[in-house]
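Student: Have a look at this one.
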2 protein chains.
Amino acid sequence: MEEGTSQSLGSPADTAGHRSDYDVWQWDAREDCEVRQILDRVADKWSLLAIALLDRRSLRFTELKREIDGISQRMLTRTLRHLERDGLVERTVHPVVPPRVDYALTPLGRTLHATIKSLVVWTEAHQEEIARARADYDKREADLRETSAAGAAD
Amino acid sequence: MEEGTSQSLGSPADTAGHRSDYDVWQWDAREDCEVRQILDRVADKWSLLAIALLDRRSLRFTELKREIDGISQRMLTRTLRHLERDGLVERTVHPVVPPRVDYALTPLGRTLHATIKSLVVWTEAHQEEIARARADYDKREADLRETSAAGAAD
DNA sequence: CCGTATCCTAAAGGATACTG
DNA sequence: CAGTATCCTTTAGGATACGG
């Protein structure tokens with residue numbers, strides 16, 4: 001792993017004695033860069049769930065619809081099409097009637113799922129810490145409002 | 001009830017000889033569960049960028065605004081407040097005039113960044129594969145439209 | 001300098017109805 | 001069964017103006 005290659009943003013950077021080993025701007029969140037797109041794909045409302053389910057076993061459309069209870073037909077179709085386009089999911093149409101369509105994770109999809117899982121694991125490991133942080137923040141906020149209200153009342 | 005509450009989705013599961021080691025439904029994407037919230041936080045338009053920048057060194061409001069060129073004041077404030085509330089970023093107000101406010105990643109924020117980074121690394125490693133998949137998909141789509149158009153014209 | 005408040009637009013996504 | 005097509009609501013987020 002190289003230290004910053006295209007350093008960009010003329011920042012002195014290393015001042016904190018700590019540094020990212022990639023260039024932040026290479027995956028600038030606003031651009032249509034790959035990371036942004038993958039992140040959007042992974043993070044959208046239903047993709048992650050579909051990926052996780054398909055990582056267990058392949059499923060057909062209706063099965064997915066039933067398992068991801070609450071998703072609309074429209075969104076399930078869109079989600080699956082996006083995943084398919086990105087090469088994460090494979091769609092197999094069986095020429096029978098009534099139609100049967102199977103969805104399965106590709107090898108690429110499986111490696112992505114493995115990666116996402118580390119984020120899930122992180123969250124599970126730290127959820128209490130986060131909950132505490134939120135409670136503290138909200139408490140401080142409430143105290144602040146109370147104080148300023150009291151101050152205004154004086 | 002569907003079979004299986006925690007083990008859930010009555011899937012014999014292992015059929016593919018492969019299985020996730022967590023319960024998909026514990027982090028059901030639709031609920032206000034922790035994973036969903038963290039994922040939303042991480043994936044929203046600006047958070048990731050802010051986190052990555054702050055992982056290098058602490059920055060003040062205006063510096064962040066300048067570095068994340070394109071972000072509105074409104075969204076920068078909101079983004080930072082959310083990160084602060086979750087205990088990922090620490091906000092330090094210096095009681096001077098004009099005001100000076102420094103933002104820094106907390107230890108928790110740093111570990112999150114490290115985790116996110118693995119997703120970034122995954123994306124960088126597979127972006128060409130994804131690009132190919134998309135090109136293939138679009139090609140097939142185009143061919144299909146062409147064919148059906150020709151068929152209709154006949 | 002560091003915000004908050006207000007207004008406004010674009011996009012995501014649900015509900016519903018229809019089709020091969 | 002496995003989708004499209006259409007309409008409608010909700011939300012994210014930009015622009016702008018103002019305040020401590």
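In the structure tokens, the first chain shown is A, the next is B, and so on; residue numbers restart at 1 for each chain, and ligands run from 1 in the order shown.
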Within 10 Å of chain D, which residues belong to chain B? Use only C-alpha atoms (C1' of nucleotides) and report them as a PyMOL selection string.
Tutor: chain B and resi 44-45+70-75+99
Student: Hey, which bits of chain B sit within 8 Å of chain C, and for each residue what's the closest pair of atoms and how far apart in Å (one decimal), counting only C-alpha atoms (C1' of nucleotides), rows by chain and increasing number, as CSV?
Tutor:
residue,atom,partner,partner_atom,distance
B:Phe61,CA,C:DC2,C1',7.3
B:Thr62,CA,C:DC1,C1',7.7
B:Thr77,CA,C:DG3,C1',7.7
B:Pro98,CA,C:DC1,C1',5.5
B:Pro99,CA,C:DC1,C1',5.4
B:Arg100,CA,C:DC1,C1',6.7
B:Val101,CA,C:DC2,C1',7.7
Student: Taking only C-alpha atoms into account, what are the residues of chain B at most 6 Å from chain A, put as a list in words?
Tutor: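 Matching residues, ligands excluded from the count: Ala16, Arg19, Val35, Arg56, Arg57, Arg85, Asp86, Gly87, Thr123, Ile130, Ala133, Arg134 and Tyr137 of chain B.
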Student: By how many Å are CA of Arg110 in chain B and CA of Val96 in chain B apart?
Tutor: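 It comes out at 28.3 Å.
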Student: Please indicate the distance in Å from CA of Glu63 in chain B to CA of Leu80 in chain B, rounded to one decimal place.
Tutor: 13.0 Å
Student: Could you please write out, as a PyMOL selection string, every residue of range 17-146 of chain A that DSSP assigns to helix (DSSP H, G or I)?
Tutor: chain A and resi 24-27+34-43+47-56+61-67+73-85+107-146
Student: Tell me, which residues of range 32-114 of chain A carry DSSP strand (DSSP E), written as an MDAnalysis selection string?
Tutor: chainID A and resid 59:60 89:94 100:105
